[in-house]
Amino acid sequence: MAGILKDKVVLVTGAGGGIGREMAILCAKEGAKVVVNDLGGAVDGEGEGSQTPAAKVCEEIKAAGGIGIPNYGSVSDPAAAEAMIKQAVENFGRIDGVINNAGILRDRIFHRMSHLDWKQVIDVHLNGAFNTSRAAANYFKEQKSGAFVHFTSTSGLVGNFGQANYSAAKMGIIGLSRSIALDMKAFNVRSNCISPFAWTRMIGTIPADTPQQKARVERSKRMTPAKIAPMAAFLLSDAAEGVTSQIFGVRMNEIMLFNANRPVRSVHMSEGWTPQSIAETAIPAMKPHFISLDRSPEYFTWDPI
């Protein structure tokens, strides 16, 4: 099967449904051999898991003429993450790309968030991205090629109500991706992030109580997961040579590039600062540039293209 990923071998985590499913199917359509990973658990990570979601996606891939094999491990387990990469190498001879998409939600307002809520979300999102990436890193180093695609979120980029655990994990993934890009540049390995705007099972669990929240949900329902997959496939391909350490937003037919954190205002005091002079001089000068607690800047409230 010809395509932009011809002869590539790719692992997609959390590929039993939603965005992960669409990426696995498109990667296979574009010529990749795909390891379809999904634990098959609930959105909050509870339950024993099921082999059905990953197996079903592999059946869809095969029915369309592609090649996909299921994996049912948890990305939060380093041994299971290593097994995913080994499964790719043992079945297909190599590993060329890793898409870190697996995730759970355990939303709680911060003063009610338990240590377990915090730990489980960090384990799946941030530790999971590290585990699979670390397992693939030596293979990428030896073959002098490879690509990571990590999934972040606007919850990390700008914050969100009731998602301190998820937001911290998703912001951490950005730091992880950028450090991987720096560390592995010498081996021709790329690392990028995607911040998706799409209606998925996870998004459907977020409460929508106010008219503004309900309107946002209705907009989100128009943003299908299939729209995210082309960017992921591109970033895994040789056509993405030189594209690394970036954060892309994808919403319907729109692609965004997010900027890096940079200083926006600097104030200097030649004799040094006191708490009082900071209050009287520095803060008033910086205040117009403060980040707002309003989580709806213009680029999040546009109608989808």
# chains A, B, ... in the order shown; residues from 1 in each chain; ligands from 1

call {"tool": "closest_atom_pairs", "arguments": {"of": "region 36-116 of chain A", "to": "region 149-166 of chain A", "cutoff": "9 Å", "atoms": "only C-alpha atoms", "output": "JSON lines"}}
result
{"residue": "A:Gly97", "atom": "CA", "partner": "A:Val149", "partner_atom": "CA", "distance": 7.8}
{"residue": "A:Val98", "atom": "CA", "partner": "A:Val149", "partner_atom": "CA", "distance": 6.3}
{"residue": "A:Ile99", "atom": "CA", "partner": "A:Val149", "partner_atom": "CA", "distance": 4.7}
{"residue": "A:Asn100", "atom": "CA", "partner": "A:His150", "partner_atom": "CA", "distance": 4.7}
{"residue": "A:Asn101", "atom": "CA", "partner": "A:Phe151", "partner_atom": "CA", "distance": 5.5}
{"residue": "A:Ala102", "atom": "CA", "partner": "A:Phe151", "partner_atom": "CA", "distance": 8.5}
{"residue": "A:Ile104", "atom": "CA", "partner": "A:Tyr166", "partner_atom": "CA", "distance": 8.4}
{"residue": "A:Leu105", "atom": "CA", "partner": "A:Tyr166", "partner_atom": "CA", "distance": 6.9}
{"residue": "A:Arg106", "atom": "CA", "partner": "A:Gln163", "partner_atom": "CA", "distance": 7.8}
{"residue": "A:Asp107", "atom": "CA", "partner": "A:Gln163", "partner_atom": "CA", "distance": 5.3}
{"residue": "A:Arg108", "atom": "CA", "partner": "A:Gly162", "partner_atom": "CA", "distance": 4.7}
{"residue": "A:Ile109", "atom": "CA", "partner": "A:Gly162", "partner_atom": "CA", "distance": 4.1}
{"residue": "A:Phe110", "atom": "CA", "partner": "A:Gly162", "partner_atom": "CA", "distance": 6.1}
{"residue": "A:Met113", "atom": "CA", "partner": "A:Asn165", "partner_atom": "CA", "distance": 8.5}

call {"tool": "residues_around", "arguments": {"residues": "Gln143 (chain A)", "least_positions_apart": "2", "cutoff": "12 Å", "atoms": "only C-alpha atoms", "output": "VMD selection string"}}
result
chain A and resid 93 to 96 136 to 141 145 to 147 186 to 189

call {"tool": "residues_around", "arguments": {"residues": "region 76-82 of chain A", "least_positions_apart": "3", "cutoff": "10 Å", "atoms": "only C-alpha atoms", "output": "CSV table (one decimal) with C-alpha atoms, in the first residue's frame"}}
result
chain,number,residue,atom,x,y,z
A,13,THR,CA,-1.2,4.5,21.9
A,37,ASN,CA,-2.3,0.0,21.5
A,71,ASN,CA,-1.5,-4.4,21.8
A,72,TYR,CA,-3.4,-4.2,25.1
A,73,GLY,CA,-0.7,-2.9,27.5
A,85,ILE,CA,8.1,-1.3,21.0
A,86,LYS,CA,9.5,-4.9,21.0
A,87,GLN,CA,6.3,-6.1,19.5
A,102,ALA,CA,-3.2,7.5,25.4
A,103,GLY,CA,-5.0,9.3,28.2
A,120,GLN,CA,-3.1,8.3,37.9
A,121,VAL,CA,-3.5,11.1,35.3
A,122,ILE,CA,0.2,12.0,35.5
A,123,ASP,CA,1.1,8.3,35.2
A,124,VAL,CA,-0.9,7.8,32.0
A,125,HIS,CA,-0.2,11.1,30.2
A,126,LEU,CA,3.2,12.3,31.2
A,127,ASN,CA,4.9,9.1,32.5
A,128,GLY,CA,3.2,7.1,29.7
A,129,ALA,CA,4.7,9.5,27.0
A,130,PHE,CA,8.1,9.1,28.6
A,131,ASN,CA,7.8,5.3,28.9
A,132,THR,CA,7.0,4.6,25.2
A,133,SER,CA,9.4,7.3,24.0
A,134,ARG,CA,12.3,6.0,26.1
A,135,ALA,CA,11.6,2.5,24.9
A,136,ALA,CA,11.9,3.6,21.3

call {"tool": "select_by_dssp", "arguments": {"residues": "region 69-190 of chain A", "states": "strand (DSSP E)", "output": "list in words"}}
result
Ile69, Pro70, Asn71, Gly97, Val98, Ile99, Asn100, Gly146, Ala147, Phe148, Val149, His150, Phe151, Val189 and Arg190 of chain A

call {"tool": "write_last_selection", "arguments": {"atoms": "N, CA and C atoms", "output": "JSON list (two decimals), in the first residue's frame"}}
result
[["chain", "number", "residue", "atom", "x", "y", "z"],
["A", 69, "ILE", "N", -1.55, -4.66, 14.10],
["A", 69, "ILE", "CA", -1.61, -5.68, 15.13],
["A", 69, "ILE", "C", -1.95, -5.02, 16.46],
["A", 70, "PRO", "N", -2.76, -5.68, 17.29],
["A", 70, "PRO", "CA", -3.21, -5.06, 18.54],
["A", 70, "PRO", "C", -2.21, -5.23, 19.67],
["A", 71, "ASN", "N", -2.26, -4.30, 20.58],
["A", 71, "ASN", "CA", -1.49, -4.38, 21.83],
["A", 71, "ASN", "C", -2.40, -3.86, 22.94],
["A", 97, "GLY", "N", 8.09, 5.36, 14.22],
["A", 97, "GLY", "CA", 7.33, 6.46, 14.78],
["A", 97, "GLY", "C", 6.52, 6.03, 15.98],
["A", 98, "VAL", "N", 6.36, 6.95, 16.92],
["A", 98, "VAL", "CA", 5.55, 6.73, 18.11],
["A", 98, "VAL", "C", 4.59, 7.90, 18.27],
["A", 99, "ILE", "N", 3.31, 7.61, 18.35],
["A", 99, "ILE", "CA", 2.30, 8.62, 18.65],
["A", 99, "ILE", "C", 1.81, 8.39, 20.07],
["A", 100, "ASN", "N", 2.10, 9.34, 20.95],
["A", 100, "ASN", "CA", 1.68, 9.25, 22.36],
["A", 100, "ASN", "C", 0.35, 9.95, 22.53],
["A", 146, "GLY", "N", 13.76, 8.62, 13.18],
["A", 146, "GLY", "CA", 12.60, 8.34, 14.01],
["A", 146, "GLY", "C", 11.84, 9.62, 14.30],
["A", 147, "ALA", "N", 10.58, 9.46, 14.69],
["A", 147, "ALA", "CA", 9.74, 10.63, 14.98],
["A", 147, "ALA", "C", 8.78, 10.31, 16.12],
["A", 148, "PHE", "N", 8.68, 11.29, 17.03],
["A", 148, "PHE", "CA", 7.70, 11.22, 18.10],
["A", 148, "PHE", "C", 6.63, 12.28, 17.85],
["A", 149, "VAL", "N", 5.37, 11.90, 18.08],
["A", 149, "VAL", "CA", 4.26, 12.85, 18.08],
["A", 149, "VAL", "C", 3.55, 12.69, 19.43],
["A", 150, "HIS", "N", 3.57, 13.75, 20.23],
["A", 150, "HIS", "CA", 2.98, 13.71, 21.55],
["A", 150, "HIS", "C", 1.72, 14.58, 21.55],
["A", 151, "PHE", "N", 0.72, 14.15, 22.30],
["A", 151, "PHE", "CA", -0.52, 14.93, 22.37],
["A", 151, "PHE", "C", -0.56, 15.77, 23.64],
["A", 189, "VAL", "N", 16.38, 12.52, 14.89],
["A", 189, "VAL", "CA", 15.10, 12.15, 15.51],
["A", 189, "VAL", "C", 14.31, 13.43, 15.80],
["A", 190, "ARG", "N", 13.06, 13.44, 15.40],
["A", 190, "ARG", "CA", 12.19, 14.60, 15.59],
["A", 190, "ARG", "C", 11.18, 14.34, 16.71]]

call {"tool": "residues_around", "arguments": {"residues": "region 248-252 of chain A", "least_positions_apart": "4", "cutoff": "8 Å", "atoms": "only C-alpha atoms", "output": "list of chain:residue names"}}
result
A:Asn192, A:Cys193, A:Ile194, A:Ser195, A:Pro196, A:Phe197, A:Ala198, A:Arg222, A:Met223, A:Thr224, A:Lys227, A:Ile228, A:Met231, A:Met256, A:Leu257, A:Phe258, A:Pro304, A:Ile305

call {"tool": "write_last_selection", "arguments": {"atoms": "all heavy atoms", "output": "short mmCIF file (atom, residue, chain, number, x, y, z; two decimals), in the first residue's frame"}}
result
data_model
loop_
_atom_site.label_atom_id
_atom_site.label_comp_id
_atom_site.auth_asym_id
_atom_site.auth_seq_id
_atom_site.Cartn_x
_atom_site.Cartn_y
_atom_site.Cartn_z
N ASN A 192 7.56 16.37 18.19
CA ASN A 192 6.60 17.47 18.09
C ASN A 192 5.34 17.16 18.90
O ASN A 192 5.09 16.02 19.27
CB ASN A 192 6.21 17.70 16.63
CG ASN A 192 7.35 18.22 15.79
OD1 ASN A 192 7.70 19.40 15.87
ND2 ASN A 192 7.94 17.35 14.97
N CYS A 193 4.58 18.21 19.15
CA CYS A 193 3.31 18.08 19.88
C CYS A 193 2.14 18.52 19.01
O CYS A 193 2.28 19.43 18.19
CB CYS A 193 3.32 18.93 21.15
SG CYS A 193 4.40 18.35 22.44
N ILE A 194 1.00 17.88 19.24
CA ILE A 194 -0.27 18.31 18.65
C ILE A 194 -1.24 18.63 19.78
O ILE A 194 -1.40 17.84 20.71
CB ILE A 194 -0.87 17.24 17.73
CG1 ILE A 194 0.01 17.00 16.51
CG2 ILE A 194 -2.29 17.63 17.29
CD1 ILE A 194 -0.49 15.88 15.60
N SER A 195 -1.86 19.79 19.69
CA SER A 195 -2.95 20.15 20.59
C SER A 195 -4.25 20.08 19.79
O SER A 195 -4.51 20.94 18.96
CB SER A 195 -2.74 21.57 21.15
OG SER A 195 -3.80 21.92 22.01
N PRO A 196 -5.05 19.03 20.00
CA PRO A 196 -6.21 18.82 19.13
C PRO A 196 -7.46 19.53 19.62
O PRO A 196 -7.68 19.68 20.83
CB PRO A 196 -6.41 17.30 19.21
CG PRO A 196 -5.98 16.96 20.60
CD PRO A 196 -4.86 17.92 20.95
N PHE A 197 -8.26 19.96 18.70
CA PHE A 197 -9.62 20.43 18.99
C PHE A 197 -10.55 19.43 18.31
O PHE A 197 -10.69 19.45 17.08
CB PHE A 197 -9.85 21.82 18.39
CG PHE A 197 -9.00 22.92 18.98
CD1 PHE A 197 -7.65 22.99 18.70
CD2 PHE A 197 -9.57 23.88 19.79
CE1 PHE A 197 -6.87 24.01 19.22
CE2 PHE A 197 -8.79 24.91 20.32
CZ PHE A 197 -7.45 24.97 20.04
N ALA A 198 -11.17 18.56 19.08
CA ALA A 198 -12.03 17.53 18.47
C ALA A 198 -12.98 16.98 19.51
O ALA A 198 -12.67 16.95 20.71
CB ALA A 198 -11.19 16.40 17.88
N ARG A 222 -18.74 19.62 16.23
CA ARG A 222 -18.53 19.74 14.78
C ARG A 222 -17.10 19.44 14.39
O ARG A 222 -16.77 19.35 13.22
CB ARG A 222 -18.90 21.16 14.34
CG ARG A 222 -20.39 21.48 14.53
CD ARG A 222 -20.64 22.98 14.56
NE ARG A 222 -20.16 23.66 13.36
CZ ARG A 222 -20.08 24.98 13.24
NH1 ARG A 222 -20.44 25.76 14.25
NH2 ARG A 222 -19.65 25.53 12.13
N MET A 223 -16.21 19.29 15.39
CA MET A 223 -14.79 19.07 15.13
C MET A 223 -14.49 17.58 15.25
O MET A 223 -14.30 17.06 16.34
CB MET A 223 -13.95 19.86 16.13
CG MET A 223 -14.26 21.34 16.14
SD MET A 223 -13.27 22.22 17.38
CE MET A 223 -14.22 23.73 17.54
N THR A 224 -14.47 16.89 14.15
CA THR A 224 -14.36 15.43 14.19
C THR A 224 -12.91 14.98 14.38
O THR A 224 -11.97 15.64 13.93
CB THR A 224 -14.90 14.83 12.88
OG1 THR A 224 -14.10 15.30 11.79
CG2 THR A 224 -16.35 15.23 12.66
N LYS A 227 -10.18 14.82 11.55
CA LYS A 227 -9.46 16.02 11.09
C LYS A 227 -8.07 16.14 11.71
O LYS A 227 -7.22 16.88 11.20
CB LYS A 227 -10.28 17.28 11.41
CG LYS A 227 -11.62 17.36 10.69
CD LYS A 227 -11.44 17.61 9.21
CE LYS A 227 -12.77 17.87 8.52
NZ LYS A 227 -12.61 18.16 7.08
N ILE A 228 -7.83 15.44 12.82
CA ILE A 228 -6.54 15.54 13.51
C ILE A 228 -5.49 14.63 12.86
O ILE A 228 -4.30 14.93 12.85
CB ILE A 228 -6.69 15.16 15.00
CG1 ILE A 228 -7.89 15.89 15.63
CG2 ILE A 228 -5.41 15.43 15.76
CD1 ILE A 228 -7.80 17.40 15.60
N MET A 231 -2.30 15.57 10.28
CA MET A 231 -1.11 16.22 10.83
C MET A 231 -0.20 15.21 11.50
O MET A 231 1.04 15.27 11.35
CB MET A 231 -1.53 17.31 11.83
CG MET A 231 -0.35 17.95 12.57
SD MET A 231 0.91 18.69 11.49
CE MET A 231 0.15 20.26 11.11
N MET A 256 -2.81 25.45 13.41
CA MET A 256 -2.18 26.56 14.12
C MET A 256 -0.77 26.17 14.54
O MET A 256 -0.49 25.00 14.77
CB MET A 256 -2.96 26.90 15.40
CG MET A 256 -4.45 27.05 15.26
SD MET A 256 -5.19 27.20 16.91
CE MET A 256 -6.89 26.80 16.50
N LEU A 257 0.09 27.15 14.68
CA LEU A 257 1.40 26.96 15.28
C LEU A 257 1.44 27.81 16.54
O LEU A 257 1.24 29.02 16.49
CB LEU A 257 2.51 27.40 14.32
CG LEU A 257 3.93 27.32 14.89
CD1 LEU A 257 4.33 25.87 15.15
CD2 LEU A 257 4.93 27.97 13.93
N PHE A 258 1.66 27.16 17.69
CA PHE A 258 1.76 27.89 18.95
C PHE A 258 3.19 28.38 19.16
O PHE A 258 4.15 27.67 18.81
CB PHE A 258 1.36 26.99 20.13
CG PHE A 258 -0.12 26.72 20.20
CD1 PHE A 258 -0.66 25.60 19.59
CD2 PHE A 258 -0.96 27.58 20.88
CE1 PHE A 258 -2.02 25.35 19.65
CE2 PHE A 258 -2.32 27.34 20.95
CZ PHE A 258 -2.86 26.22 20.33
N PRO A 304 -15.45 27.10 13.87
CA PRO A 304 -14.56 26.24 13.08
C PRO A 304 -14.68 26.51 11.60
O PRO A 304 -15.74 26.86 11.11
CB PRO A 304 -15.05 24.83 13.42
CG PRO A 304 -15.84 24.97 14.68
CD PRO A 304 -16.42 26.34 14.64
N ILE A 305 -13.58 26.34 10.91
CA ILE A 305 -13.56 26.50 9.46
C ILE A 305 -14.27 25.32 8.81
O ILE A 305 -14.03 24.19 9.20
CB ILE A 305 -12.12 26.60 8.95
CG1 ILE A 305 -11.48 27.87 9.49
CG2 ILE A 305 -12.07 26.59 7.42
CD1 ILE A 305 -10.02 27.98 9.22
#

call {"tool": "closest_residue", "arguments": {"among": "A:Ile255, A:Ala88, A:Val243, A:Ile61", "to": "Arg178 (chain A)", "atoms": "only C-alpha atoms"}}
result
A:Val243

call {"tool": "closest_residue", "arguments": {"among": "A:Lys33, A:Arg112, A:Arg21, A:Lys144", "to": "Lys6 (chain A)", "atoms": "only C-alpha atoms"}}
result
A:Lys33

call {"tool": "select_by_dssp", "arguments": {"residues": "region 69-165 of chain A", "states": "alpha helix (DSSP H)", "output": "PyMOL selection string"}}
result
chain A and resi 78-92+115-122+128-143+154-157+164-165

call {"tool": "closest_residue", "arguments": {"among": "A:Val12, A:Ala260, A:Ala279, A:Ile67", "to": "Ala32 (chain A)", "atoms": "only C-alpha atoms"}}
result
A:Ile67

call {"tool": "decode", "arguments": {"residues": "region 229-240 of chain A", "atoms": "all heavy atoms", "output": "compact mmCIF listing (two decimals), in the first residue's frame"}}
result
# COMPACT_ATOMS: atom_id res chain seq x y z
N ALA A 229 -5.95 13.50 12.33
CA ALA A 229 -5.05 12.45 11.87
C ALA A 229 -4.05 12.87 10.79
O ALA A 229 -2.88 12.45 10.84
CB ALA A 229 -5.86 11.24 11.39
N PRO A 230 -4.41 13.69 9.80
CA PRO A 230 -3.43 14.03 8.76
C PRO A 230 -2.17 14.70 9.29
O PRO A 230 -1.07 14.43 8.81
CB PRO A 230 -4.22 14.95 7.82
CG PRO A 230 -5.64 14.52 7.98
CD PRO A 230 -5.77 14.18 9.43
N MET A 231 -2.30 15.57 10.28
CA MET A 231 -1.11 16.22 10.83
C MET A 231 -0.20 15.21 11.50
O MET A 231 1.04 15.27 11.35
CB MET A 231 -1.53 17.31 11.83
CG MET A 231 -0.35 17.95 12.57
SD MET A 231 0.91 18.69 11.49
CE MET A 231 0.15 20.26 11.11
N ALA A 232 -0.77 14.26 12.24
CA ALA A 232 0.05 13.23 12.89
C ALA A 232 0.79 12.40 11.85
O ALA A 232 1.98 12.11 12.00
CB ALA A 232 -0.83 12.35 13.77
N ALA A 233 0.09 11.99 10.80
CA ALA A 233 0.72 11.19 9.75
C ALA A 233 1.83 11.97 9.07
O ALA A 233 2.92 11.43 8.80
CB ALA A 233 -0.33 10.75 8.73
N PHE A 234 1.59 13.24 8.81
CA PHE A 234 2.64 14.07 8.20
C PHE A 234 3.87 14.13 9.09
O PHE A 234 5.01 13.98 8.62
CB PHE A 234 2.12 15.49 7.95
CG PHE A 234 3.21 16.50 7.79
CD1 PHE A 234 3.96 16.55 6.62
CD2 PHE A 234 3.54 17.37 8.82
CE1 PHE A 234 5.00 17.47 6.48
CE2 PHE A 234 4.57 18.29 8.69
CZ PHE A 234 5.31 18.33 7.52
N LEU A 235 3.68 14.37 10.39
CA LEU A 235 4.81 14.54 11.29
C LEU A 235 5.64 13.27 11.43
O LEU A 235 6.83 13.32 11.77
CB LEU A 235 4.33 15.00 12.67
CG LEU A 235 3.81 16.44 12.74
CD1 LEU A 235 3.18 16.71 14.10
CD2 LEU A 235 4.93 17.44 12.46
N LEU A 236 5.05 12.11 11.16
CA LEU A 236 5.80 10.85 11.18
C LEU A 236 6.55 10.59 9.89
O LEU A 236 7.44 9.73 9.84
CB LEU A 236 4.85 9.68 11.44
CG LEU A 236 4.18 9.61 12.81
CD1 LEU A 236 3.25 8.41 12.85
CD2 LEU A 236 5.19 9.54 13.94
N SER A 237 6.21 11.32 8.84
CA SER A 237 6.74 11.01 7.51
C SER A 237 8.06 11.72 7.24
O SER A 237 8.44 12.67 7.94
CB SER A 237 5.72 11.44 6.44
OG SER A 237 5.71 12.86 6.30
N ASP A 238 8.74 11.27 6.20
CA ASP A 238 10.00 11.90 5.79
C ASP A 238 9.77 13.32 5.26
O ASP A 238 10.70 14.13 5.23
CB ASP A 238 10.69 11.06 4.71
CG ASP A 238 11.16 9.72 5.25
OD1 ASP A 238 11.33 9.59 6.48
OD2 ASP A 238 11.35 8.78 4.44
N ALA A 239 8.52 13.62 4.88
CA ALA A 239 8.21 14.97 4.41
C ALA A 239 8.33 16.00 5.53
O ALA A 239 8.43 17.21 5.26
CB ALA A 239 6.79 15.01 3.83
N ALA A 240 8.36 15.55 6.79
CA ALA A 240 8.47 16.46 7.93
C ALA A 240 9.92 16.68 8.35
O ALA A 240 10.17 17.19 9.46
CB ALA A 240 7.67 15.91 9.10
